[in-house]
Structure formats: C-alpha cells, structure tokens
file structure_29.cif (mmCIF, C-alpha atoms and all ligand atoms)
data_target
#
loop_
_atom_site.label_atom_id
_atom_site.label_comp_id
_atom_site.auth_asym_id
_atom_site.auth_seq_id
_atom_site.Cartn_x
_atom_site.Cartn_y
_atom_site.Cartn_z
CA MET A 1 53.04 41.74 -57.05
CA ALA A 2 56.61 42.39 -58.19
CA SER A 3 58.99 39.60 -57.21
CA ASN A 4 62.15 40.41 -55.30
CA ALA A 5 65.60 40.33 -56.87
CA PRO A 6 67.31 37.01 -55.95
CA GLU A 7 69.75 38.70 -53.56
CA GLU A 8 66.82 40.14 -51.54
CA MET A 9 64.93 36.85 -51.27
CA THR A 10 64.87 34.73 -48.13
CA PRO A 11 65.99 31.08 -48.41
CA ALA A 12 62.31 30.05 -48.06
CA GLU A 13 61.30 32.30 -51.00
CA ILE A 14 64.14 30.93 -53.10
CA GLU A 15 62.97 27.44 -52.21
CA SER A 16 59.38 28.00 -53.29
CA GLY A 17 60.57 29.82 -56.42
CA TYR A 18 62.58 26.76 -57.42
CA PHE A 19 60.07 24.06 -56.49
CA ASN A 20 57.09 25.88 -58.02
CA ASN A 21 58.83 26.50 -61.32
CA ASN A 22 60.40 23.11 -61.94
CA ALA A 23 58.60 19.80 -62.41
CA PRO A 24 58.83 17.11 -59.71
CA PRO A 25 60.39 13.82 -60.85
CA LYS A 26 58.12 10.99 -61.94
CA SER A 27 59.60 8.63 -59.35
CA LEU A 28 59.03 10.98 -56.40
CA HIS A 29 55.93 9.27 -54.97
CA LYS A 30 57.35 5.79 -55.38
CA HIS A 31 60.59 6.80 -53.68
CA GLU A 32 58.71 8.55 -50.89
CA ALA A 33 56.68 5.41 -50.19
CA LEU A 34 59.83 3.27 -50.05
CA ALA A 35 61.61 5.77 -47.82
CA ARG A 36 58.63 6.13 -45.47
CA ALA A 37 58.43 2.37 -44.90
CA PHE A 38 62.22 2.14 -44.39
CA ILE A 39 62.30 5.05 -41.94
CA ASP A 40 59.29 3.74 -39.95
CA LEU A 41 61.06 0.42 -39.51
CA HIS A 42 64.17 2.05 -38.08
CA VAL A 43 62.32 4.59 -35.95
CA GLU A 44 60.60 1.58 -34.38
CA ALA A 45 64.00 -0.02 -33.69
CA ASN A 46 65.45 3.28 -32.41
CA ARG A 47 68.24 2.82 -34.95
CA ARG A 48 70.32 5.62 -36.40
CA VAL A 49 69.73 6.33 -40.08
CA VAL A 50 72.14 8.11 -42.39
CA LEU A 51 71.18 9.65 -45.69
CA VAL A 52 74.26 9.28 -47.90
CA THR A 53 74.16 11.28 -51.15
CA SER A 54 76.56 10.05 -53.81
CA GLY A 55 77.69 10.69 -57.38
CA GLY A 56 77.19 13.71 -59.64
CA THR A 57 73.99 15.39 -60.79
CA THR A 58 73.37 16.16 -64.47
CA VAL A 59 72.14 19.41 -66.00
CA PRO A 60 70.00 18.64 -69.07
CA LEU A 61 70.23 21.08 -72.00
CA GLU A 62 66.97 19.93 -73.56
CA ASN A 63 63.69 18.77 -72.06
CA GLN A 64 63.77 15.67 -74.26
CA THR A 65 67.35 15.24 -73.21
CA VAL A 66 70.02 14.32 -75.70
CA ARG A 67 72.80 16.40 -74.17
CA PHE A 68 73.60 17.26 -70.59
CA ILE A 69 76.37 18.69 -68.43
CA ASP A 70 77.90 16.23 -65.98
CA ASN A 71 80.83 16.02 -63.57
CA PHE A 72 83.59 13.60 -62.65
CA SER A 73 82.11 11.93 -59.56
CA ALA A 74 82.00 8.14 -59.75
CA GLY A 75 80.35 7.72 -56.35
CA THR A 76 83.34 6.05 -54.71
CA ARG A 77 83.20 8.23 -51.59
CA GLY A 78 79.47 7.67 -51.09
CA ALA A 79 79.42 3.92 -51.82
CA THR A 80 82.46 3.23 -49.66
CA SER A 81 81.18 5.39 -46.79
CA ALA A 82 77.81 3.61 -46.88
CA GLU A 83 79.55 0.29 -46.19
CA TYR A 84 81.37 1.68 -43.15
CA PHE A 85 78.16 3.24 -41.83
CA LEU A 86 76.46 -0.14 -42.12
CA GLU A 87 79.37 -1.68 -40.25
CA GLN A 88 78.75 0.86 -37.47
CA GLY A 89 75.13 -0.26 -37.12
CA TYR A 90 73.48 2.55 -39.08
CA ALA A 91 70.69 1.97 -41.57
CA VAL A 92 71.57 3.72 -44.84
CA ILE A 93 69.44 5.52 -47.39
CA PHE A 94 71.80 5.54 -50.33
CA PHE A 95 70.63 8.38 -52.56
CA HIS A 96 72.85 8.03 -55.58
CA ARG A 97 73.32 8.96 -59.20
CA GLN A 98 71.85 6.17 -61.25
CA TYR A 99 74.54 3.73 -62.49
CA SER A 100 77.23 5.18 -60.22
CA LEU A 101 79.02 2.88 -57.78
CA LEU A 102 76.93 1.02 -55.18
CA PRO A 103 77.92 -0.30 -51.76
CA TYR A 104 79.38 -3.84 -52.00
CA SER A 105 78.95 -4.33 -55.75
CA ARG A 106 81.48 -1.48 -56.20
CA HIS A 107 84.23 -4.02 -55.43
CA TYR A 108 83.49 -5.81 -58.69
CA SER A 109 82.00 -3.29 -61.03
CA HIS A 110 84.71 -0.92 -62.23
CA SER A 111 86.34 -1.50 -65.53
CA THR A 112 89.57 -2.13 -63.56
CA ASN A 113 87.82 -4.66 -61.27
CA CYS A 114 85.60 -6.37 -63.81
CA PHE A 115 83.55 -9.10 -62.11
CA LEU A 116 84.34 -11.56 -64.89
CA ASP A 117 88.01 -11.50 -63.88
CA PHE A 118 87.05 -12.92 -60.49
CA MET A 119 85.41 -16.02 -61.98
CA GLU A 120 86.32 -19.18 -63.77
CA GLU A 121 84.73 -22.33 -65.07
CA ALA A 122 85.48 -25.31 -62.83
CA ALA A 123 85.98 -28.83 -64.12
CA PRO A 124 82.70 -30.61 -64.96
CA SER A 125 81.34 -32.84 -62.19
CA SER A 126 82.97 -36.30 -62.13
CA THR A 127 79.81 -37.94 -60.70
CA GLY A 128 78.24 -38.08 -64.13
CA SER A 129 75.41 -35.68 -63.21
CA GLY A 130 75.07 -32.56 -65.35
CA ASP A 131 76.50 -31.72 -68.75
CA PRO A 132 80.04 -33.15 -69.08
CA ASP A 133 81.01 -30.19 -71.32
CA HIS A 134 79.90 -27.48 -68.87
CA GLY A 135 81.61 -26.94 -65.55
CA PRO A 136 80.00 -24.74 -62.88
CA ILE A 137 81.06 -21.07 -62.74
CA VAL A 138 82.98 -20.43 -59.51
CA VAL A 139 84.93 -17.62 -57.88
CA ARG A 140 88.66 -18.10 -58.40
CA SER A 141 90.36 -19.52 -55.34
CA GLU A 142 92.53 -16.43 -54.66
CA TYR A 143 89.40 -14.22 -54.35
CA GLN A 144 87.26 -16.59 -52.27
CA ASP A 145 87.93 -14.98 -48.87
CA GLU A 146 87.51 -11.41 -50.02
CA MET A 147 84.36 -12.12 -51.99
CA ARG A 148 82.83 -14.22 -49.21
CA ASP A 149 83.37 -11.32 -46.84
CA VAL A 150 81.73 -8.80 -49.20
CA LEU A 151 78.89 -11.18 -50.03
CA ARG A 152 78.10 -11.85 -46.35
CA LYS A 153 77.95 -8.15 -45.53
CA TYR A 154 75.79 -7.45 -48.56
CA ARG A 155 73.36 -10.24 -47.74
CA TYR A 156 73.20 -9.17 -44.11
CA ALA A 157 72.30 -5.60 -45.11
CA LYS A 158 69.63 -6.84 -47.53
CA ARG A 159 68.13 -9.47 -45.25
CA ASN A 160 67.85 -7.02 -42.37
CA ASN A 161 66.56 -4.11 -44.42
CA ARG A 162 69.51 -1.91 -43.56
CA LEU A 163 70.11 -0.44 -47.01
CA LEU A 164 67.69 1.45 -49.23
CA LEU A 165 68.92 2.36 -52.73
CA LEU A 166 67.27 5.38 -54.36
CA PRO A 167 68.58 6.73 -57.68
CA PHE A 168 68.58 10.24 -59.18
CA THR A 169 70.00 11.64 -62.40
CA THR A 170 69.33 15.35 -62.84
CA ILE A 171 69.87 18.25 -60.44
CA SER A 172 66.13 18.76 -60.28
CA GLU A 173 65.45 15.12 -59.32
CA TYR A 174 68.16 15.44 -56.69
CA LEU A 175 66.68 18.59 -55.11
CA PHE A 176 63.05 17.43 -55.08
CA GLU A 177 63.92 14.06 -53.62
CA LEU A 178 66.42 15.44 -51.10
CA ARG A 179 63.76 17.75 -49.72
CA SER A 180 61.23 14.92 -49.42
CA LEU A 181 63.71 12.50 -47.86
CA ALA A 182 64.85 15.05 -45.27
CA GLN A 183 61.25 15.83 -44.33
CA LEU A 184 60.37 12.14 -44.12
CA MET A 185 63.33 11.68 -41.75
CA GLN A 186 61.73 14.05 -39.17
CA PRO A 187 60.55 11.23 -36.85
CA LEU A 188 64.16 10.04 -36.50
CA LYS A 189 65.06 13.23 -34.61
CA THR A 190 68.66 13.09 -33.35
CA ASN A 191 69.12 9.61 -34.85
CA ALA A 192 69.18 11.19 -38.31
CA LEU A 193 72.49 11.97 -40.00
CA PHE A 194 72.95 13.69 -43.37
CA TYR A 195 76.17 12.88 -45.22
CA LEU A 196 76.12 14.95 -48.38
CA ALA A 197 78.90 13.53 -50.53
CA ALA A 198 77.23 13.98 -53.94
CA ALA A 199 78.86 16.41 -56.34
CA VAL A 200 75.93 18.72 -56.95
CA SER A 201 75.76 20.99 -60.01
CA ASP A 202 76.11 24.70 -59.25
CA PHE A 203 74.33 25.94 -62.38
CA PHE A 204 71.28 24.77 -64.31
CA ILE A 205 68.75 25.78 -66.99
CA PRO A 206 65.32 26.57 -65.49
CA ARG A 207 62.38 24.78 -67.10
CA ASP A 208 60.94 27.93 -68.70
CA ARG A 209 64.18 28.49 -70.64
CA MET A 210 64.86 24.90 -71.61
CA ALA A 211 64.60 23.85 -75.27
CA GLU A 212 62.01 21.10 -75.77
CA HIS A 213 63.84 19.29 -78.58
CA LYS A 214 67.42 18.51 -79.40
CA ILE A 215 69.37 21.74 -79.99
CA GLN A 216 70.32 21.81 -83.67
CA SER A 217 73.92 22.28 -84.71
CA SER A 218 73.09 23.59 -88.22
CA GLU A 219 70.43 25.93 -89.65
CA LEU A 220 67.01 24.45 -90.41
CA PRO A 221 64.97 25.47 -93.50
CA ALA A 222 62.43 28.23 -92.71
CA HIS A 223 59.36 25.96 -92.92
CA LEU A 224 60.71 23.81 -90.07
CA LEU A 225 61.71 26.68 -87.82
CA ASN A 226 59.83 27.43 -84.58
CA LYS A 227 57.38 24.58 -85.09
CA GLN A 228 58.89 22.52 -82.36
CA GLY A 229 57.21 24.15 -79.37
CA ASP A 230 60.60 25.20 -78.11
CA ASN A 231 61.08 27.72 -75.38
CA ASP A 232 63.62 29.54 -77.43
CA ALA A 233 66.15 31.10 -75.07
CA SER A 234 67.62 33.16 -77.91
CA ASN A 235 64.39 35.21 -78.03
CA ASN A 236 65.26 36.68 -74.71
CA ASP A 237 66.05 40.32 -75.45
CA GLU A 238 66.99 41.30 -71.92
CA THR A 239 70.65 42.16 -71.80
CA ILE A 240 72.56 40.79 -68.86
CA ASP A 241 74.78 43.05 -66.84
CA PRO A 242 78.38 41.76 -67.30
CA GLU A 243 78.69 42.00 -63.49
CA ASP A 244 76.13 39.19 -63.27
CA ILE A 245 78.09 36.76 -65.41
CA TYR A 246 80.66 34.23 -64.15
CA THR A 247 83.42 33.77 -66.67
CA GLY A 248 85.72 31.50 -64.67
CA GLY A 249 88.45 33.92 -65.74
CA ILE A 250 87.89 33.06 -69.40
CA GLU A 251 86.35 35.87 -71.44
CA ALA A 252 84.01 35.04 -74.33
CA GLN A 253 85.63 35.29 -77.73
CA PRO A 254 83.86 36.13 -81.00
CA PRO A 255 83.18 33.12 -83.24
CA THR A 256 85.95 32.32 -85.72
CA HIS A 257 84.56 30.27 -88.61
CA SER A 258 81.33 28.76 -87.20
CA LYS A 259 78.46 29.71 -84.92
CA LYS A 260 78.73 29.27 -81.19
CA LEU A 261 76.27 27.66 -78.85
CA ILE A 262 75.93 29.90 -75.81
CA ILE A 263 74.26 28.32 -72.82
CA ASP A 264 72.70 30.61 -70.26
CA LEU A 265 72.73 28.95 -66.83
CA ASP A 266 71.21 30.11 -63.54
CA PRO A 267 72.76 29.37 -60.17
CA VAL A 268 71.23 26.39 -58.36
CA PRO A 269 69.60 27.71 -55.17
CA LYS A 270 71.68 27.02 -52.07
CA PHE A 271 69.57 24.20 -50.64
CA LEU A 272 71.77 23.63 -47.58
CA HIS A 273 70.21 26.60 -45.79
CA ARG A 274 66.78 25.07 -46.04
CA LEU A 275 67.98 21.56 -45.23
CA VAL A 276 69.63 22.71 -42.00
CA ASP A 277 66.97 25.20 -41.07
CA GLY A 278 63.76 23.56 -42.15
CA TRP A 279 63.69 20.16 -43.83
CA ALA A 280 65.96 18.14 -41.52
CA PRO A 281 64.79 17.05 -38.07
CA GLU A 282 65.77 19.29 -35.21
CA GLY A 283 68.82 17.91 -33.43
CA SER A 284 69.94 15.85 -36.44
CA MET A 285 73.51 16.11 -37.69
CA VAL A 286 74.32 17.61 -41.09
CA VAL A 287 77.66 16.96 -42.77
CA SER A 288 78.50 18.52 -46.12
CA PHE A 289 81.55 18.11 -48.35
CA LYS A 290 83.59 20.85 -49.94
CA LEU A 291 85.59 20.03 -53.04
CA GLU A 292 88.39 22.23 -54.37
CA THR A 293 91.33 21.82 -56.71
CA ASP A 294 93.44 24.70 -55.37
CA PRO A 295 95.11 23.77 -52.03
CA ASN A 296 95.16 27.46 -50.99
CA LEU A 297 91.37 27.69 -51.08
CA LEU A 298 90.22 24.48 -49.45
CA VAL A 299 90.20 25.32 -45.74
CA TYR A 300 88.94 28.86 -46.33
CA LYS A 301 86.05 27.64 -48.49
CA ALA A 302 85.13 24.89 -46.01
CA GLN A 303 85.11 27.43 -43.15
CA THR A 304 82.99 29.82 -45.21
CA ALA A 305 80.42 27.09 -45.94
CA LEU A 306 80.25 26.15 -42.26
CA LYS A 307 79.64 29.76 -41.24
CA ARG A 308 77.10 30.36 -43.99
CA TYR A 309 74.92 27.34 -43.27
CA SER A 310 75.59 26.89 -39.53
CA HIS A 311 75.61 23.11 -39.72
CA HIS A 312 77.91 20.71 -37.89
CA LEU A 313 80.78 19.60 -40.08
CA VAL A 314 82.29 20.33 -43.46
CA ILE A 315 84.61 17.65 -44.80
CA GLY A 316 87.03 19.32 -47.19
CA ASN A 317 88.86 17.43 -49.89
CA LEU A 318 91.05 18.18 -52.87
CA LEU A 319 90.29 16.47 -56.15
CA SER A 320 93.88 15.23 -56.44
CA THR A 321 94.33 13.86 -52.89
CA ARG A 322 90.78 12.92 -51.89
CA LYS A 323 91.53 9.23 -51.53
CA TRP A 324 94.32 9.85 -48.99
CA GLU A 325 93.41 12.93 -46.94
CA VAL A 326 90.41 15.02 -45.87
CA VAL A 327 89.99 17.87 -43.42
CA PHE A 328 87.23 18.04 -40.81
CA VAL A 329 86.20 21.68 -40.32
CA THR A 330 83.98 22.12 -37.24
CA PRO A 331 82.44 25.07 -35.36
CA ASP A 332 84.16 23.92 -32.13
CA ALA A 333 87.78 23.13 -31.29
CA PRO A 334 89.91 21.76 -32.87
CA TYR A 335 88.18 23.64 -35.80
CA GLU A 336 90.46 22.05 -38.39
CA ARG A 337 91.53 18.45 -38.21
CA TRP A 338 93.23 16.43 -40.92
CA ILE A 339 92.63 12.74 -41.41
CA ARG A 340 95.24 10.97 -43.50
CA VAL A 341 95.92 7.45 -44.63
CA PRO A 342 99.47 6.61 -43.48
CA LYS A 343 101.93 6.84 -46.36
CA SER A 344 102.72 3.14 -46.50
CA LYS A 345 99.01 2.25 -46.70
CA ARG A 346 97.98 4.54 -49.52
CA SER A 347 96.31 3.02 -52.55
CA LYS A 348 97.95 3.80 -55.83
CA SER A 349 95.78 6.07 -57.91
CA LEU A 350 96.38 7.09 -61.49
CA SER A 351 94.25 10.22 -61.26
CA GLY A 352 95.59 11.36 -57.88
CA ALA A 353 98.77 13.34 -57.12
CA GLU A 354 100.41 12.03 -53.96
CA ASP A 355 102.98 14.85 -53.88
CA GLN A 356 100.11 17.24 -53.12
CA VAL A 357 99.21 15.54 -49.82
CA GLY A 358 99.68 18.11 -47.03
CA LEU A 359 99.68 21.19 -49.30
CA ALA A 360 96.25 22.43 -48.23
CA GLU A 361 97.01 22.26 -44.52
CA ILE A 362 97.62 25.71 -43.10
CA LYS A 363 100.85 25.31 -41.13
CA LYS A 364 100.60 26.71 -37.60
CA ALA A 365 104.31 26.59 -36.87
CA GLU A 366 107.30 24.98 -38.51
CA GLY A 367 107.04 21.22 -38.14
CA GLU A 368 103.75 21.34 -36.26
CA SER A 369 100.98 19.56 -38.07
CA MET A 370 97.36 19.44 -37.02
CA ALA A 371 96.88 16.06 -38.63
CA THR A 372 95.44 13.50 -36.27
CA LYS A 373 95.76 9.78 -36.65
CA ALA A 374 92.33 8.31 -36.32
CA ASP A 375 92.45 5.64 -33.62
CA GLY A 376 90.03 3.16 -35.21
CA GLN A 377 91.35 0.06 -36.93
CA PRO A 378 91.69 0.95 -40.58
CA SER A 379 90.28 -1.70 -42.76
CA GLU A 380 92.47 -2.86 -45.58
CA THR A 381 91.50 -4.47 -48.85
CA ALA A 382 93.99 -6.68 -50.62
CA LEU A 383 93.84 -4.72 -53.85
CA GLU A 384 93.54 -1.13 -52.78
CA GLY A 385 95.30 -0.36 -49.49
CA VAL A 386 93.51 1.48 -46.69
CA GLU A 387 90.30 3.24 -47.65
CA ILE A 388 90.12 6.70 -46.12
CA GLU A 389 86.41 6.20 -45.44
CA SER A 390 87.39 3.51 -42.90
CA LEU A 391 89.00 6.37 -40.93
CA ILE A 392 86.37 9.05 -41.66
CA ILE A 393 83.25 7.14 -40.64
CA PRO A 394 84.27 6.01 -37.09
CA GLU A 395 85.35 9.60 -36.34
CA LEU A 396 82.06 10.92 -37.64
CA VAL A 397 80.07 8.39 -35.63
CA LYS A 398 81.84 9.66 -32.48
CA LEU A 399 80.80 13.23 -33.32
CA HIS A 400 77.23 12.10 -33.95
CA SER A 401 77.19 10.21 -30.62
CA ASN A 402 78.45 13.35 -28.84
CA MET A 403 75.72 15.41 -30.44
CA ILE A 404 73.04 12.93 -29.41
CA ALA A 405 74.40 12.81 -25.85
CA LYS A 406 74.48 16.62 -25.65
CA HIS A 407 70.92 16.84 -26.89
CA GLU A 408 69.71 14.22 -24.39
CA GLY A 409 71.62 15.99 -21.60
CA GLY A 410 70.08 19.32 -22.60
CA LYS A 411 66.58 17.81 -22.49
CA SER A 412 66.95 16.30 -18.98
CA GLN A 413 68.02 19.60 -17.41
C1 LIG A 501 82.80 15.61 -52.42
O1 LIG A 501 83.59 16.47 -52.16
C2 LIG A 501 83.17 14.14 -52.58
O2 LIG A 501 84.13 13.77 -51.65
C3 LIG A 501 83.67 13.83 -54.03
C4 LIG A 501 83.89 12.32 -54.11
C5 LIG A 501 82.63 14.25 -55.04
C6 LIG A 501 84.99 14.54 -54.29
P1 LIG A 501 84.03 10.42 -55.91
O3 LIG A 501 82.55 10.31 -56.10
O4 LIG A 501 84.33 11.92 -55.38
O5 LIG A 501 84.52 9.47 -54.85
O6 LIG A 501 84.76 10.30 -57.20
N1 LIG A 501 81.48 15.92 -52.60
C7 LIG A 501 80.90 17.23 -52.52
C8 LIG A 501 81.21 18.07 -53.70
C9 LIG A 501 80.34 19.28 -53.79
O7 LIG A 501 79.73 19.46 -54.80
N2 LIG A 501 80.27 20.11 -52.79
C10 LIG A 501 79.65 21.42 -52.89
C11 LIG A 501 80.75 22.43 -53.02
O8 LIG A 501 81.94 22.05 -52.96
C12 LIG A 501 78.85 21.72 -51.66
S1 LIG A 501 77.38 20.78 -51.60
O9 LIG A 501 80.45 23.61 -53.20
#
call {"tool": "encode", "arguments": {"input": "structure_29.cif", "output": "structure tokens", "more": "lines below"}}
Ligand code: 9Z3
result
Amino acid sequence: MASNAPEEMTPAEIESGYFNNNAPPKSLHKHEALARAFIDLHVEANRRVVLVTSGGTTVPLENQTVRFIDNFSAGTRGATSAEYFLEQGYAVIFFHRQYSLLPYSRHYSHSTNCFLDFMEEAAPSSTGSGDPDHGPIVVRSEYQDEMRDVLRKYRYAKRNNRLLLLPFTTISEYLFELRSLAQLMQPLKTNALFYLAAAVSDFFIPRDRMAEHKIQSSELPAHLLNKQGDNDASNNDETIDPEDIYTGGIEAQPPTHSKKLIIDLDPVPKFLHRLVDGWAPEGSMVVSFKLETDPNLLVYKAQTALKRYSHHLVIGNLLSTRKWEVVFVTPDAPYERWIRVPKSKRSKSLSGAEDQVGLAEIKKAEGESMATKADGQPSETALEGVEIESLIIPELVKLHSNMIAKHEGGKSQ
C-alpha cells in the first residue's frame, strides 16, 4: 500500500510512522516502572501531579554518537518552576535533559554559583577528639539561612516522594518517554498538568538515514570505504524540491576550498496534537511554551500554536527577556496577559537585554498596557532578585483549579 505524503497524514498516522521507525530508548521500561509507582501513590492521595519537561533535546548525527546538534537551554525555567509547583502542593515528575539544572541543587551547581564557594573548613575541634589538622567542612555563616531553607525543602520533597527525576538526552528519547508518561498519567484525570518547558528540537535525522559510525572529515582509502555498515545518506539519489527545503533565509553556497558536510534533516512530528488529543488524560491541563527572538512574532506565534493544538495555555517568552517577562496566551479572555518582574526586583543577567522588556507586547492604545501584576507574594533570593517562576506558577495553579472546578461542575449537572 502506498503511504500518504506527510501533509495528507493524520496526526495518528504521523505518530505511528515516527514510533515504528525509530528505536525506543533503553531506559524506557525502567522509567515507566518508576513513573507508574509514583503516579499510583499520588492518585491514591488525590494529589495533583505536574509533568515538567526541562532542558534541550539533542539530535545525534551518528548512531554511535560523536557529534550532535544541541540548543541553549540550561533548564533554569523547568528546575525553578518545579520548586514552585512543589511549594504549591503538587507532586512533580521532572523530565529533564540529563545534566541540566535540577530543582534545589540548581542553587549551587552553576559555574557562577559553585558549591565549593559556599563552604569552608572550620577550626579543628578543641575537645581533642578527631584529627587536630582537619577541621570539619561547614557552610559559610553568610549562606547558612539560605542553604538551610533549600536543604529543608529538598529533604521534604525526597522524604515524601514528591519529586521524581527522569532524564532524557536525544529528541527520540524525549518523544518516546513523553508519550509513555502522558499515557501513564491517565488515572490522574483532571489532577494532571503538563508544563512543557523543554526546548525541543524541530528537526532530526531518522534512523534509516543515520550514519552508524563517526562521519569522516577526510577521504578514506578505497579498501576502507563502505565497510562500516553505514546507512549512507549520500547514496540517496532522489532530488528534493527546493520548495521543500528550509533555508532560514541563508542560501547554500558552493564550497570554496574544501568539501562541505550537508546534513539532511526531517521535521520532528508535531507531538502536541497527539498529547492533547490522545495521550493525556481527558480533562487534564496542557501548557506549552513558545520561544522566539523577534518581539514582533511572539504573540502571533503563541496564538497560532494555541489555535493549532487547541490546548489551554501557551506561555510565550523571548530569549532575551525570558527571566523578566512572559505572556500568557489563552483561548478565553483576557487572551493575552503579561507577567513581569517589577523593574527594581529584576535579576541582573549577562545574556539578557533588559531594554527589550515590553517590546513584544502589542499596544492596545497609547499608555494602556495589558500587563498584570500577579498578586502572589514573589519569592526573592538574596543573590538573584525575584524569580519570574514565583509569579508564573501561582497564576497557573489558579487556572488549573478553575479547570478542575469547571470539570467537576460539568459532571454534576
Ligand atoms: C521555553 O520557551 C523555555 O521557557 C526556555 C527556557 C527554553 C526558553 P532555560 O532552560 O530556557 O531556562 O534556559 N521552552 C519551550 C521552547 C520550545 O521549544 N517551544 C516550541 C516552540 O517554540 C514548542 S514545544 O516551537
């Protein structure tokens, strides 16, 4: 039977095409078992559970991967949000890029916040017990209160089984595990929330076109050629219609003095359709993020995503201002709502551009801004000012509560 062209395929056909042609991750069964036990526990307690996705996915160029495409995401949004969800009584499945920032430990793990800088060696004990040359390692006095606070919250979450950490690396691991996790969350019904903050790759190399071994950067002698069991993408004689190629506005140039490596990537199937309309429990809330760099595009792109996937909320953010402002784009009034950290409470960020705050907001009338001050108590850390997630999460929890109430109301009628 001839297969349909991608544009004629239903989301379900695209889904099976992807999952049948790419290998499931080795850790899938182990992660499923952990998630099932975690979810059962919280279904039993009638507790809300949020799946937070965090960090960037990689796109391997070789099956035995030496090189891969990556993106900028450090996982700050996801790790920080997870802490505020825990504070709001949610249990959190933290589905994150391996080695990206984690809730709580993030306070001490960046290169700028190295944990060693928070410690010192105290004077050796004067009671004569222990080695007189070795004092105990302690937290420096100026950090005691902050670290005690973080440590208590961390231990509370661990002791009470409120936080499950599950790592991914590649786009394929991410998609397989996301599908499983969403399906396992079915028994949570309206208590399930999806908070999709990971920066997911848009393009990838399908398994049948992926080189097995490291792609060589110089010619090999003839007797070593094609003995590697490679799926050699360069053997593909089909010419691609230029209409089907994204160039990002940059046209390919002929090589100058050396050969080029041309990588042929396919679009990653739009999984949000299937998440909203299949994998996730009915009545659950789905929140996605939209990232842009051009202020003129942000609101439009967030609105387009909301319409396309018919979920509940798109949180839009600009790369340069994401630590100070986001926009909530919803299907109901007020449709577009800005959440901003007040100017005097903004953290200083080397990568951010504070002069761009406000540029993406479509002005309704001169002087009239649709920005709303969140009414929760922003939480402030000594080093970094107010974290915008301390404003985002309480607002989101209100929306989730409204959805649950509406659903319950609908059922009793
Ligand atoms: C986001 O927009 C996140 O807020 C960031 C957080 C990735 C900007 P950091 O990890 O950054 O704190 O450094 N995430 C979603 C980005 C994304 O890939 N969205 C897709 C899109 O924009 C939709 S799923 O098309």
call {"tool": "closest_residue", "arguments": {"input": "structure_29.cif", "among": "A:Gln98, A:Asn317, A:Ser351, A:Ser125", "to": "Ile339 of chain A", "atoms": "only C-alpha atoms"}}
result
A:Asn317
call {"tool": "residues_near_ligand", "arguments": {"input": "structure_29.cif", "ligand": "ligand LIG 501 (chain A)", "cutoff": "6 Å", "atoms": "only C-alpha atoms and all ligand atoms", "output": "list of chain:residue names"}}
result
A:Gly55, A:Ser73, A:Ala74, A:Gly75, A:Thr76, A:Arg77, A:Ala197, A:Ala198, A:Ala199, A:Val200, A:Phe289, A:Lys290, A:Leu291, A:Asn317, A:Leu319
call {"tool": "atom_distance", "arguments": {"input": "structure_29.cif", "atom1": "atom CA of Leu86 of chain A", "atom2": "atom CA of Lys158 of chain A"}}
result
11.0 Å
call {"tool": "atom_distance", "arguments": {"input": "structure_29.cif", "atom1": "atom CA of Phe95 of chain A", "atom2": "atom CA of Ala192 of chain A"}}
result
14.6 Å
call {"tool": "axis_aligned_box", "arguments": {"input": "structure_29.cif", "around": "segment 295-309 of chain A", "padding_each_side": "4 Å", "output": "AutoDock Vina command-line options"}}
result
--center_x 85.0 --center_y 27.1 --center_z -46.6 --size_x 28.2 --size_y 14.6 --size_z 18.8
call {"tool": "residues_around", "arguments": {"input": "structure_29.cif", "residues": "segment 242-246 of chain A", "least_positions_apart": "2", "cutoff": "10 Å", "atoms": "all atoms listed in the file", "output": "ChimeraX atom specification"}}
result
/A:239-240,248-251,264-266
call {"tool": "closest_residue", "arguments": {"input": "structure_29.cif", "among": "A:Lys343, A:Lys270, A:Lys307, A:Lys214", "to": "Ala12 of chain A", "atoms": "only C-alpha atoms"}}
result
A:Lys270
call {"tool": "closest_residue", "arguments": {"input": "structure_29.cif", "among": "A:His213, A:Lys301, A:Lys323, A:Arg337", "to": "Ser390 of chain A", "atoms": "all atoms listed in the file"}}
result
A:Lys323
call {"tool": "decode", "arguments": {"input": "structure_29.cif", "residues": "segment 50-68 of chain A", "atoms": "C-alpha atoms", "output": "PDB file, in the first residue's frame"}}
result
ATOM      1  CA  VAL A  50       2.622  18.044  37.121  1.00  0.00           C
ATOM      2  CA  LEU A  51       4.885  16.734  34.408  1.00  0.00           C
ATOM      3  CA  VAL A  52       7.566  19.401  33.963  1.00  0.00           C
ATOM      4  CA  THR A  53       9.752  18.999  30.865  1.00  0.00           C
ATOM      5  CA  SER A  54      13.044  20.850  31.028  1.00  0.00           C
ATOM      6  CA  GLY A  55      16.255  21.492  29.083  1.00  0.00           C
ATOM      7  CA  GLY A  56      17.081  20.923  25.418  1.00  0.00           C
ATOM      8  CA  THR A  57      16.946  17.749  23.338  1.00  0.00           C
ATOM      9  CA  THR A  58      19.894  16.658  21.199  1.00  0.00           C
ATOM     10  CA  VAL A  59      19.853  15.499  17.582  1.00  0.00           C
ATOM     11  CA  PRO A  60      22.571  12.864  17.053  1.00  0.00           C
ATOM     12  CA  LEU A  61      24.352  12.873  13.680  1.00  0.00           C
ATOM     13  CA  GLU A  62      25.644   9.324  14.059  1.00  0.00           C
ATOM     14  CA  ASN A  63      24.157   6.215  15.624  1.00  0.00           C
ATOM     15  CA  GLN A  64      27.341   5.695  17.633  1.00  0.00           C
ATOM     16  CA  THR A  65      27.160   9.335  18.521  1.00  0.00           C
ATOM     17  CA  VAL A  66      30.229  11.511  18.477  1.00  0.00           C
ATOM     18  CA  ARG A  67      28.535  14.662  17.209  1.00  0.00           C
ATOM     19  CA  PHE A  68      25.087  16.059  17.825  1.00  0.00           C
TER      20      PHE A  68
END
